[in-house]
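K.L.:
Just model29.tsv, nothing more (TSV, C-alpha atoms and all ligand atoms):
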```tsv
chain	number	residue	atom	x	y	z
A	1	MET	CA	103.12	7.70	-139.93
A	2	LYS	CA	99.38	7.42	-140.65
A	3	LYS	CA	97.60	10.70	-139.87
A	4	LEU	CA	95.19	10.38	-136.93
A	5	ASN	CA	91.52	10.78	-137.75
A	6	LEU	CA	90.28	13.35	-135.24
A	7	GLY	CA	86.59	13.13	-136.22
A	8	ARG	CA	84.39	16.23	-136.69
A	9	MET	CA	83.61	17.15	-133.09
A	10	ALA	CA	85.60	16.97	-129.86
A	11	TYR	CA	84.73	16.97	-126.18
A	12	GLY	CA	86.59	19.33	-123.83
A	13	CYS	CA	87.41	18.63	-120.18
A	14	TRP	CA	88.15	22.14	-118.91
A	15	ARG	CA	84.98	22.18	-116.79
A	16	LEU	CA	85.13	18.54	-115.70
A	17	THR	CA	86.07	19.43	-112.11
A	18	GLU	CA	83.12	21.79	-111.64
A	19	PRO	CA	80.31	20.38	-109.47
A	20	ASN	CA	77.71	18.72	-111.68
A	21	GLU	CA	74.69	16.45	-111.39
A	22	SER	CA	75.91	14.06	-114.09
A	23	SER	CA	78.92	11.81	-113.53
A	24	VAL	CA	82.15	12.27	-115.49
A	25	GLN	CA	81.63	8.73	-116.83
A	26	HIS	CA	78.20	9.70	-118.17
A	27	ARG	CA	79.52	12.85	-119.89
A	28	ILE	CA	82.44	11.06	-121.56
A	29	HIS	CA	80.24	8.14	-122.65
A	30	THR	CA	77.64	10.53	-124.08
A	31	ALA	CA	80.28	12.33	-126.14
A	32	LEU	CA	81.79	9.08	-127.47
A	33	ASP	CA	78.34	7.63	-128.18
A	34	MET	CA	77.56	10.74	-130.25
A	35	GLY	CA	80.57	9.86	-132.39
A	36	PHE	CA	83.04	12.41	-130.95
A	37	LYS	CA	86.54	10.97	-131.15
A	38	LEU	CA	88.84	13.57	-129.65
A	39	ILE	CA	88.74	14.11	-125.89
A	40	ASP	CA	90.69	17.26	-125.07
A	41	THR	CA	92.12	17.99	-121.65
A	42	ALA	CA	95.14	19.78	-120.10
A	43	ASP	CA	97.23	19.41	-116.97
A	44	ILE	CA	96.15	22.87	-115.79
A	45	TYR	CA	92.40	22.08	-115.91
A	46	GLY	CA	91.09	21.94	-112.37
A	47	PHE	CA	93.66	24.42	-111.07
A	48	THR	CA	92.20	27.04	-108.78
A	49	ASP	CA	93.92	29.46	-106.50
A	50	PRO	CA	95.66	27.55	-103.71
A	51	GLU	CA	93.12	28.75	-101.12
A	52	ARG	CA	90.23	27.11	-102.97
A	53	GLY	CA	91.93	23.92	-104.14
A	54	VAL	CA	89.51	21.09	-104.89
A	55	MET	CA	90.62	17.76	-103.46
A	56	ILE	CA	90.76	15.28	-106.31
A	57	ASN	CA	92.66	12.05	-105.94
A	58	GLY	CA	95.85	12.27	-108.01
A	59	ALA	CA	95.70	16.06	-108.43
A	60	ASP	CA	97.91	18.59	-106.65
A	61	PRO	CA	96.39	20.33	-103.59
A	62	ASP	CA	95.76	23.43	-105.75
A	63	GLY	CA	93.73	21.36	-108.22
A	64	PHE	CA	96.47	21.23	-110.90
A	65	GLY	CA	95.92	17.97	-112.78
A	66	GLY	CA	92.35	17.60	-111.49
A	67	ALA	CA	90.62	17.17	-114.85
A	68	GLU	CA	93.27	14.70	-116.05
A	69	ALA	CA	92.90	12.71	-112.82
A	70	LEU	CA	89.11	12.50	-113.26
A	71	LEU	CA	89.46	11.37	-116.87
A	72	GLY	CA	92.17	8.88	-115.82
A	73	ASP	CA	89.80	7.45	-113.22
A	74	CYS	CA	87.11	7.13	-115.85
A	75	ILE	CA	89.50	5.22	-118.16
A	76	ALA	CA	90.75	3.00	-115.33
A	77	ARG	CA	87.18	2.00	-114.49
A	78	ASP	CA	86.38	1.17	-118.10
A	79	PRO	CA	89.66	0.44	-119.96
A	80	ALA	CA	87.83	-0.15	-123.27
A	81	LEU	CA	87.21	3.62	-123.34
A	82	ARG	CA	90.90	4.28	-124.05
A	83	ASP	CA	90.69	2.74	-127.52
A	84	ARG	CA	87.47	4.55	-128.34
A	85	MET	CA	89.03	7.99	-127.90
A	86	ILE	CA	91.76	10.10	-129.38
A	87	LEU	CA	93.21	11.34	-126.09
A	88	ALA	CA	94.65	14.84	-126.19
A	89	THR	CA	96.26	16.80	-123.41
A	90	LYS	CA	98.35	19.95	-123.07
A	91	GLY	CA	101.25	21.18	-121.01
A	92	GLY	CA	103.38	24.27	-120.65
A	93	ILE	CA	101.28	26.46	-118.35
A	94	ARG	CA	103.16	26.47	-115.07
A	95	PRO	CA	101.60	28.56	-112.33
A	96	PRO	CA	102.59	31.02	-111.09
A	97	LEU	CA	105.23	31.55	-113.81
A	98	PRO	CA	103.11	31.56	-116.21
A	99	TYR	CA	104.63	29.49	-119.08
A	100	ASP	CA	107.48	27.03	-119.44
A	101	SER	CA	108.25	25.11	-122.65
A	102	SER	CA	111.76	24.05	-121.60
A	103	GLN	CA	112.80	20.44	-122.08
A	104	HIS	CA	113.29	19.94	-118.36
A	105	TYR	CA	109.82	21.18	-117.45
A	106	LEU	CA	107.85	19.58	-120.31
A	107	THR	CA	109.48	16.18	-119.81
A	108	GLN	CA	108.32	15.97	-116.23
A	109	ALA	CA	104.95	17.57	-117.11
A	110	LEU	CA	104.24	14.87	-119.72
A	111	GLU	CA	105.21	12.09	-117.29
A	112	ALA	CA	102.86	13.54	-114.69
A	113	SER	CA	100.03	13.80	-117.25
A	114	LEU	CA	100.48	10.15	-118.31
A	115	LYS	CA	100.40	9.05	-114.68
A	116	ARG	CA	97.20	10.98	-113.96
A	117	LEU	CA	95.56	9.80	-117.18
A	118	ARG	CA	96.55	6.19	-116.36
A	119	THR	CA	97.93	5.57	-119.82
A	120	ASN	CA	101.33	4.94	-121.41
A	121	TYR	CA	100.81	7.42	-124.23
A	122	VAL	CA	98.62	10.29	-125.36
A	123	ASP	CA	97.44	10.54	-128.95
A	124	LEU	CA	97.97	14.30	-129.13
A	125	TYR	CA	100.25	16.46	-126.97
A	126	GLN	CA	99.77	20.20	-127.31
A	127	ILE	CA	101.80	23.17	-126.09
A	128	HIS	CA	99.05	25.08	-124.29
A	129	ARG	CA	100.31	28.64	-124.74
A	130	PRO	CA	103.42	30.09	-126.37
A	131	ASP	CA	106.28	30.52	-123.90
A	132	LEU	CA	107.94	33.75	-125.02
A	133	LEU	CA	111.32	32.37	-123.92
A	134	THR	CA	111.03	29.42	-126.29
A	135	ASP	CA	114.05	28.34	-128.30
A	136	TYR	CA	112.15	26.76	-131.19
A	137	ALA	CA	114.90	24.28	-132.13
A	138	ALA	CA	115.07	23.05	-128.53
A	139	LEU	CA	111.28	22.79	-128.24
A	140	ALA	CA	111.14	20.83	-131.50
A	141	GLU	CA	113.79	18.42	-130.18
A	142	THR	CA	111.81	17.94	-126.97
A	143	LEU	CA	108.55	17.26	-128.82
A	144	ASP	CA	110.14	14.99	-131.43
A	145	GLY	CA	111.72	13.11	-128.52
A	146	PHE	CA	108.28	12.48	-127.00
A	147	VAL	CA	107.12	10.94	-130.29
A	148	ILE	CA	110.25	8.81	-130.72
A	149	ALA	CA	109.85	7.53	-127.14
A	150	GLY	CA	106.28	6.40	-128.01
A	151	LYS	CA	104.74	8.58	-125.29
A	152	VAL	CA	102.97	10.85	-127.78
A	153	ARG	CA	101.51	9.93	-131.17
A	154	ALA	CA	101.01	13.42	-132.61
A	155	LEU	CA	101.86	17.01	-131.78
A	156	GLY	CA	99.85	20.21	-131.60
A	157	VAL	CA	99.96	23.78	-130.38
A	158	SER	CA	97.39	26.13	-128.92
A	159	ASN	CA	97.08	29.93	-128.90
A	160	PHE	CA	100.13	30.30	-131.16
A	161	THR	CA	100.39	33.08	-133.73
A	162	PRO	CA	100.91	32.04	-137.36
A	163	HIS	CA	104.58	33.14	-137.09
A	164	GLN	CA	105.11	31.05	-133.96
A	165	ILE	CA	103.60	28.02	-135.71
A	166	ARG	CA	105.88	28.50	-138.69
A	167	ALA	CA	108.96	28.93	-136.47
A	168	LEU	CA	108.30	25.72	-134.55
A	169	SER	CA	107.35	23.80	-137.71
A	170	ALA	CA	110.66	24.74	-139.32
A	171	HIS	CA	112.49	22.63	-136.70
A	172	LEU	CA	110.11	19.73	-136.12
A	173	LYS	CA	110.69	16.32	-137.69
A	174	THR	CA	107.11	15.30	-136.75
A	175	PRO	CA	104.83	17.78	-138.53
A	176	LEU	CA	102.24	19.45	-136.30
A	177	LEU	CA	98.82	17.80	-136.55
A	178	SER	CA	96.68	20.53	-135.01
A	179	HIS	CA	96.36	24.05	-133.75
A	180	GLN	CA	93.88	25.08	-131.04
A	181	PRO	CA	92.85	28.76	-131.12
A	182	GLU	CA	89.67	30.27	-129.72
A	183	ILE	CA	87.11	30.38	-132.56
A	184	SER	CA	83.40	31.16	-132.35
A	185	LEU	CA	80.89	33.80	-133.33
A	186	TRP	CA	82.15	35.51	-130.18
A	187	ALA	CA	85.85	35.28	-131.17
A	188	THR	CA	86.18	35.55	-134.94
A	189	GLU	CA	89.79	36.82	-135.26
A	190	SER	CA	91.10	33.51	-136.66
A	191	PHE	CA	89.10	33.97	-139.86
A	192	GLU	CA	91.09	37.02	-140.90
A	193	ASP	CA	94.35	37.15	-138.92
A	194	GLY	CA	96.15	34.35	-140.77
A	195	THR	CA	95.45	31.61	-138.18
A	196	LEU	CA	93.24	29.46	-140.39
A	197	ASP	CA	95.45	30.23	-143.39
A	198	ILE	CA	98.59	28.87	-141.71
A	199	CYS	CA	96.59	25.76	-140.79
A	200	ALA	CA	95.67	25.32	-144.46
A	201	GLU	CA	99.24	26.03	-145.58
A	202	LEU	CA	100.83	23.48	-143.26
A	203	GLY	CA	97.97	20.95	-143.17
A	204	LEU	CA	97.03	21.48	-139.49
A	205	THR	CA	93.54	20.68	-138.23
A	206	PRO	CA	92.06	23.68	-136.38
A	207	LEU	CA	90.48	22.73	-133.04
A	208	ALA	CA	88.18	25.54	-131.87
A	209	TRP	CA	88.22	26.20	-128.14
A	210	SER	CA	85.14	27.72	-126.49
A	211	PRO	CA	83.11	27.33	-129.72
A	212	LEU	CA	80.07	28.91	-128.03
A	213	GLY	CA	82.12	31.70	-126.45
A	214	SER	CA	81.88	29.88	-123.09
A	215	GLY	CA	78.13	30.51	-123.24
A	216	ALA	CA	78.50	34.24	-124.05
A	217	LEU	CA	76.42	33.77	-127.20
A	218	PHE	CA	73.37	32.99	-125.08
A	219	ARG	CA	73.65	35.66	-122.38
A	220	THR	CA	71.67	38.89	-122.47
A	221	PRO	CA	73.59	40.92	-125.06
A	222	ASP	CA	75.49	43.91	-123.69
A	223	THR	CA	76.46	45.41	-127.06
A	224	LYS	CA	74.64	46.22	-130.26
A	225	GLN	CA	76.87	43.77	-132.08
A	226	MET	CA	76.05	40.83	-129.79
A	227	LYS	CA	72.36	41.65	-130.13
A	228	ALA	CA	72.79	41.51	-133.91
A	229	VAL	CA	74.59	38.15	-133.63
A	230	GLN	CA	71.79	36.70	-131.52
A	231	GLU	CA	69.19	37.96	-134.00
A	232	ALA	CA	71.13	36.47	-136.92
A	233	LEU	CA	71.46	33.16	-135.01
A	234	ASP	CA	67.73	33.22	-134.27
A	235	ASP	CA	66.84	33.88	-137.88
A	236	CYS	CA	69.07	31.07	-139.13
A	237	ALA	CA	67.85	28.68	-136.41
A	238	VAL	CA	64.22	29.18	-137.53
A	239	ARG	CA	65.10	28.50	-141.16
A	240	HIS	CA	67.04	25.31	-140.30
A	241	ASP	CA	64.66	24.15	-137.55
A	242	ALA	CA	67.64	24.08	-135.20
A	243	THR	CA	68.75	25.56	-131.88
A	244	LEU	CA	71.02	28.61	-131.50
A	245	SER	CA	73.92	26.50	-130.27
A	246	GLN	CA	73.58	24.14	-133.23
A	247	ILE	CA	73.72	27.06	-135.67
A	248	ALA	CA	76.73	28.54	-133.85
A	249	LEU	CA	78.51	25.19	-134.21
A	250	ALA	CA	77.35	24.68	-137.82
A	251	PHE	CA	78.94	28.07	-138.55
A	252	LEU	CA	82.33	26.62	-137.53
A	253	LEU	CA	81.75	23.27	-139.22
A	254	ALA	CA	80.95	24.99	-142.53
A	255	HIS	CA	84.42	26.52	-142.84
A	256	PRO	CA	86.60	24.74	-145.42
A	257	SER	CA	89.60	24.51	-143.05
A	258	GLY	CA	87.81	21.62	-141.29
A	259	ILE	CA	87.40	23.26	-137.89
A	260	ILE	CA	86.65	20.77	-135.09
A	261	PRO	CA	84.64	22.48	-132.32
A	262	ILE	CA	85.61	21.37	-128.79
A	263	ILE	CA	82.30	21.09	-126.97
A	264	GLY	CA	82.48	22.30	-123.39
A	265	THR	CA	79.02	21.77	-121.88
A	266	GLN	CA	78.72	19.47	-118.85
A	267	THR	CA	75.07	18.74	-119.58
A	268	PRO	CA	74.57	15.40	-121.39
A	269	THR	CA	71.47	16.61	-123.28
A	270	ARG	CA	73.48	19.58	-124.56
A	271	ILE	CA	76.32	17.26	-125.65
A	272	LYS	CA	73.74	15.41	-127.77
A	273	GLU	CA	72.30	18.69	-129.06
A	274	ALA	CA	75.81	19.74	-130.13
A	275	GLY	CA	76.41	16.43	-131.93
A	276	SER	CA	73.28	16.95	-134.02
A	277	ALA	CA	74.77	20.17	-135.43
A	278	LEU	CA	76.72	17.91	-137.80
A	279	GLU	CA	73.49	17.41	-139.76
A	280	ILE	CA	73.06	21.14	-140.45
A	281	LYS	CA	74.56	22.53	-143.65
A	282	LEU	CA	74.75	26.31	-143.76
A	283	SER	CA	74.66	28.07	-147.11
A	284	ARG	CA	77.16	30.76	-148.11
A	285	GLU	CA	74.35	33.31	-147.48
A	286	ASP	CA	73.73	31.94	-143.97
A	287	TRP	CA	77.45	31.99	-143.16
A	288	TYR	CA	78.09	35.56	-144.25
A	289	ALA	CA	74.90	36.83	-142.55
A	290	LEU	CA	76.24	35.47	-139.23
A	291	TYR	CA	79.80	36.68	-139.84
A	292	ILE	CA	78.76	40.18	-140.84
A	293	ALA	CA	76.45	40.45	-137.83
A	294	ARG	CA	79.47	39.74	-135.60
A	295	ARG	CA	81.73	42.03	-137.63
A	296	GLY	CA	79.31	44.89	-137.10
A	297	GLU	CA	79.86	46.26	-140.61
A	298	PRO	CA	79.69	44.89	-144.15
A	299	MET	CA	82.71	43.20	-145.71
A	300	PRO	CA	84.85	45.66	-147.67
B	401	LIG	N1	93.51	25.89	-125.44
B	401	LIG	C1	92.98	26.78	-124.62
B	401	LIG	O1	93.62	27.76	-124.22
B	401	LIG	C2	91.57	26.57	-124.17
B	401	LIG	C3	90.89	27.58	-123.45
B	401	LIG	C4	89.56	27.35	-123.08
B	401	LIG	C5	88.94	26.15	-123.44
B	401	LIG	N2	89.64	25.20	-124.12
B	401	LIG	C6	89.00	23.92	-124.55
B	401	LIG	O2	87.74	24.19	-125.11
B	401	LIG	C7	86.75	23.40	-124.46
B	401	LIG	C8	85.42	24.07	-124.53
B	401	LIG	O3	85.46	25.33	-123.87
B	401	LIG	P1	84.14	25.92	-123.22
B	401	LIG	O4	83.68	25.04	-122.11
B	401	LIG	O5	84.37	27.34	-122.93
B	401	LIG	O6	83.14	25.71	-124.47
B	401	LIG	P2	81.76	26.35	-124.93
B	401	LIG	O7	81.05	25.19	-125.57
B	401	LIG	O8	81.99	27.59	-125.70
B	401	LIG	O9	81.00	26.78	-123.60
B	401	LIG	C9	80.46	25.86	-122.70
B	401	LIG	C10	79.79	26.66	-121.60
B	401	LIG	O10	78.64	27.32	-122.13
B	401	LIG	C11	77.53	27.00	-121.30
B	401	LIG	N3	76.29	27.03	-122.08
B	401	LIG	C12	75.30	27.92	-121.91
B	401	LIG	N4	74.30	27.68	-122.75
B	401	LIG	C13	74.64	26.62	-123.49
B	401	LIG	C14	74.00	25.90	-124.54
B	401	LIG	N5	72.80	26.22	-125.00
B	401	LIG	N6	74.65	24.87	-125.09
B	401	LIG	C15	75.87	24.52	-124.64
B	401	LIG	N7	76.54	25.16	-123.63
B	401	LIG	C16	75.92	26.20	-123.06
B	401	LIG	C17	77.87	25.63	-120.72
B	401	LIG	O11	77.09	25.44	-119.54
B	401	LIG	P3	76.65	23.95	-119.07
B	401	LIG	O12	77.89	23.19	-118.77
B	401	LIG	O13	75.83	24.25	-117.85
B	401	LIG	O14	75.83	23.35	-120.17
B	401	LIG	C18	79.33	25.79	-120.44
B	401	LIG	O15	79.54	26.50	-119.22
B	401	LIG	C19	87.35	23.20	-123.05
B	401	LIG	O16	86.78	22.13	-122.35
B	401	LIG	C20	88.79	22.96	-123.38
B	401	LIG	O17	88.99	21.63	-123.80
B	401	LIG	C21	90.93	25.39	-124.49
```
Could you express the structure from this file as structure tokens?
P.N.:
Amino acid sequence: MKKLNLGRMAYGCWRLTEPNESSVQHRIHTALDMGFKLIDTADIYGFTDPERGVMINGADPDGFGGAEALLGDCIARDPALRDRMILATKGGIRPPLPYDSSQHYLTQALEASLKRLRTNYVDLYQIHRPDLLTDYAALAETLDGFVIAGKVRALGVSNFTPHQIRALSAHLKTPLLSHQPEISLWATESFEDGTLDICAELGLTPLAWSPLGSGALFRTPDTKQMKAVQEALDDCAVRHDATLSQIALAFLLAHPSGIIPIIGTQTPTRIKEAGSALEIKLSREDWYALYIARRGEPMP
């Protein structure tokens, strides 16, 4: 099968259900117009505690499925959008359990996602978090079955350890396309804990969730280390005539593993600002200055 081209930047739908001045349609169009290909969502996005459930047509009363339902609405209103995007969703978080990667659960979870997204297939289906009771051979059979049935074009995982990725890969007939860990100047573990190495070894594209640390990079720093990161970002931003968020994204884009940052802002001007980070090329000196600032001590 031809490998899907995921592009260089993705748009994330985690915050789609939050109140916002701009319409969902506007946000999705802005991302696609900037050249983003991958639109990343999950069945759990929109879920709140049952007391505070947001009422979204097609979602459960507790908000489960809310973000998928909003994106599905957007696609139904403008069907041409479907072909412009690589549509990715995730399943396997099952409140209040917390996780379920059994065949029985995932099969009905995928059906429900397709219904909410108003589509017959998703381009990428990801296991959201590792279910510690996973039988890897059974999970592989379930996922391969989704591909054979034409309901899923490619497979991915999220928040898996390198060992968990290897264990699942050993049983899959459809090789994993992607892995989605948290990666940013706020969360740098993936650079040294084997996560990006297993991606390189098995040919997985790393998709970085919360690439700006959910905004933590811009808040008033509460540690010496975060202050140093902000100063390093500032310094680099001045030299590249760029904004802090663009430098923080360029830091991810510069890594040779081909990290795709999943942009999470709900503000159309910030979606555009993020897209322009593709024009910034950080030098090796820039990259290590930022990394060492976050590390808090020199490399050994
Ligand atoms: N697989 C997983 O377990 C997992 C977990 C979390 C997230 N994700 C994925 O990752 C995507 C992105 O996550 P995220 O929303 O946390 O991403 P992010 O890009 O790190 O953070 C976006 C947040 O930062 C705020 N922000 C503050 N200053 C900003 C600036 N200058 N530029 C841009 N944003 C700024 C945004 O506010 P405004 O909206 O007001 O601009 C928004 O609340 C999600 O949508 C989801 O697809 C996956």
K.L.:
For a test of reading the model, state the distance in Å between CA of Ala138 in chain A and CA of Leu168 in chain A, rounded to one decimal.
P.N.:
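Computing the Euclidean distance for CA of Ala138 in chain A and CA of Leu168 in chain A yields 9.4 Å.
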K.L.:
List all protein, DNA and RNA residues that have any atom at most 7 Å from ligand LIG 401 (chain B), counting all atoms listed in the file, and write the list as a PyMOL selection string.
P.N.:
chain A and resi 11-15+40-41+128-129+158-159+180-182+208-215+218+245+262-267+270
K.L.:
Can you measure CA of Ala277 in chain A to CA of Ala232 in chain A for me? One decimal in Å is fine.
P.N.:
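Answer for the CA of Ala277 in chain A to CA of Ala232 in chain A separation: 16.8 Å.
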K.L.:
Extract, using all atoms listed in the file, all DNA, RNA and protein residues at most 12 Å from Asp234 in chain A, discarding same-chain residues fewer than 2 positions from it, and format them as a PDB file with C-alpha atoms, in the coordinates of the input.
P.N.:
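Output saved as part_18.pdb:
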```
ATOM      1  CA  LEU A 217      76.420  33.770-127.200  1.00  0.00           C
ATOM      2  CA  PHE A 218      73.370  32.990-125.080  1.00  0.00           C
ATOM      3  CA  LYS A 227      72.360  41.650-130.130  1.00  0.00           C
ATOM      4  CA  ALA A 228      72.790  41.510-133.910  1.00  0.00           C
ATOM      5  CA  VAL A 229      74.590  38.150-133.630  1.00  0.00           C
ATOM      6  CA  GLN A 230      71.790  36.700-131.520  1.00  0.00           C
ATOM      7  CA  GLU A 231      69.190  37.960-134.000  1.00  0.00           C
ATOM      8  CA  ALA A 232      71.130  36.470-136.920  1.00  0.00           C
ATOM      9  CA  CYS A 236      69.070  31.070-139.130  1.00  0.00           C
ATOM     10  CA  ALA A 237      67.850  28.680-136.410  1.00  0.00           C
ATOM     11  CA  VAL A 238      64.220  29.180-137.530  1.00  0.00           C
ATOM     12  CA  ARG A 239      65.100  28.500-141.160  1.00  0.00           C
ATOM     13  CA  HIS A 240      67.040  25.310-140.300  1.00  0.00           C
ATOM     14  CA  ASP A 241      64.660  24.150-137.550  1.00  0.00           C
ATOM     15  CA  ALA A 242      67.640  24.080-135.200  1.00  0.00           C
ATOM     16  CA  THR A 243      68.750  25.560-131.880  1.00  0.00           C
ATOM     17  CA  LEU A 244      71.020  28.610-131.500  1.00  0.00           C
ATOM     18  CA  SER A 245      73.920  26.500-130.270  1.00  0.00           C
ATOM     19  CA  GLN A 246      73.580  24.140-133.230  1.00  0.00           C
ATOM     20  CA  ILE A 247      73.720  27.060-135.670  1.00  0.00           C
ATOM     21  CA  ALA A 248      76.730  28.540-133.850  1.00  0.00           C
ATOM     22  CA  ASP A 286      73.730  31.940-143.970  1.00  0.00           C
ATOM     23  CA  ALA A 289      74.900  36.830-142.550  1.00  0.00           C
ATOM     24  CA  LEU A 290      76.240  35.470-139.230  1.00  0.00           C
ATOM     25  CA  ALA A 293      76.450  40.450-137.830  1.00  0.00           C
TER      26      ALA A 293
END
```
K.L.:
Could you give me, as a ChimeraX atom specification, the residues within 9 Å of range 34-38 of chain A, counting all atoms listed in the file and dropping anything in the same chain fewer than 6 positions from it?
P.N.:
/A:5-12,84-88,262,271-272,275-276
K.L.:
Of the candidates A:Ala170, A:Leu71, A:Leu124, A:Ala137, which shows the shortest atom-to-atom distance to Leu207 in chain A, using only C-alpha atoms?
P.N.:
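Checking each candidate against Leu207 in chain A, we get A:Leu124 as the closest.
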K.L.:
From (85.5, 33.5, -138.1), in the file's coordinates, out to 10 Å: which residues are reached, counting all atoms listed in the file? Answer as a ChimeraX atom specification.
P.N.:
/A:182-193,196,251-252,255,287-288,290-292,294-295
K.L.:
State, in Å with one decimal place, the distance from CA of Leu133 in chain A to CA of Tyr121 in chain A.
P.N.:
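Going from CA of Leu133 in chain A over to CA of Tyr121 in chain A, I get 27.1 Å.
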K.L.:
Identify the residues around (109.5, 19.3, -128.6) within a radius of 10 Å, measuring from only C-alpha atoms in the coordinates stated by the file, and give them as a VMD selection string.
P.N.:
chain A and resid 101 to 103 106 to 107 125 to 127 136 to 147 155 168 171 to 174
K.L.:
Let me see the file: selected residues, C-alpha atoms, as an mmCIF file, in the frame of the given file.
P.N.:
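Written out: again_29.cif:
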```cif
data_model
loop_
_atom_site.group_PDB
_atom_site.id
_atom_site.type_symbol
_atom_site.label_atom_id
_atom_site.label_comp_id
_atom_site.auth_asym_id
_atom_site.auth_seq_id
_atom_site.Cartn_x
_atom_site.Cartn_y
_atom_site.Cartn_z
ATOM 1 C CA SER A 101 108.250 25.110 -122.650
ATOM 2 C CA SER A 102 111.760 24.050 -121.600
ATOM 3 C CA GLN A 103 112.800 20.440 -122.080
ATOM 4 C CA LEU A 106 107.850 19.580 -120.310
ATOM 5 C CA THR A 107 109.480 16.180 -119.810
ATOM 6 C CA TYR A 125 100.250 16.460 -126.970
ATOM 7 C CA GLN A 126 99.770 20.200 -127.310
ATOM 8 C CA ILE A 127 101.800 23.170 -126.090
ATOM 9 C CA TYR A 136 112.150 26.760 -131.190
ATOM 10 C CA ALA A 137 114.900 24.280 -132.130
ATOM 11 C CA ALA A 138 115.070 23.050 -128.530
ATOM 12 C CA LEU A 139 111.280 22.790 -128.240
ATOM 13 C CA ALA A 140 111.140 20.830 -131.500
ATOM 14 C CA GLU A 141 113.790 18.420 -130.180
ATOM 15 C CA THR A 142 111.810 17.940 -126.970
ATOM 16 C CA LEU A 143 108.550 17.260 -128.820
ATOM 17 C CA ASP A 144 110.140 14.990 -131.430
ATOM 18 C CA GLY A 145 111.720 13.110 -128.520
ATOM 19 C CA PHE A 146 108.280 12.480 -127.000
ATOM 20 C CA VAL A 147 107.120 10.940 -130.290
ATOM 21 C CA LEU A 155 101.860 17.010 -131.780
ATOM 22 C CA LEU A 168 108.300 25.720 -134.550
ATOM 23 C CA HIS A 171 112.490 22.630 -136.700
ATOM 24 C CA LEU A 172 110.110 19.730 -136.120
ATOM 25 C CA LYS A 173 110.690 16.320 -137.690
ATOM 26 C CA THR A 174 107.110 15.300 -136.750
#
```
K.L.:
For Thr195 in chain A, which residue out of A:Gly150, A:Gly63, A:Pro162, A:Gly91 is the nearest one, using only C-alpha atoms?
P.N.:
A:Pro162
K.L.:
Return the single residue from A:Ile259, A:Leu114, A:Ile198, A:Met226 that is closest to Gln164 in chain A, with distances computed using only C-alpha atoms.
P.N.:
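Distance minimum relative to Gln164 in chain A lands on A:Ile198.
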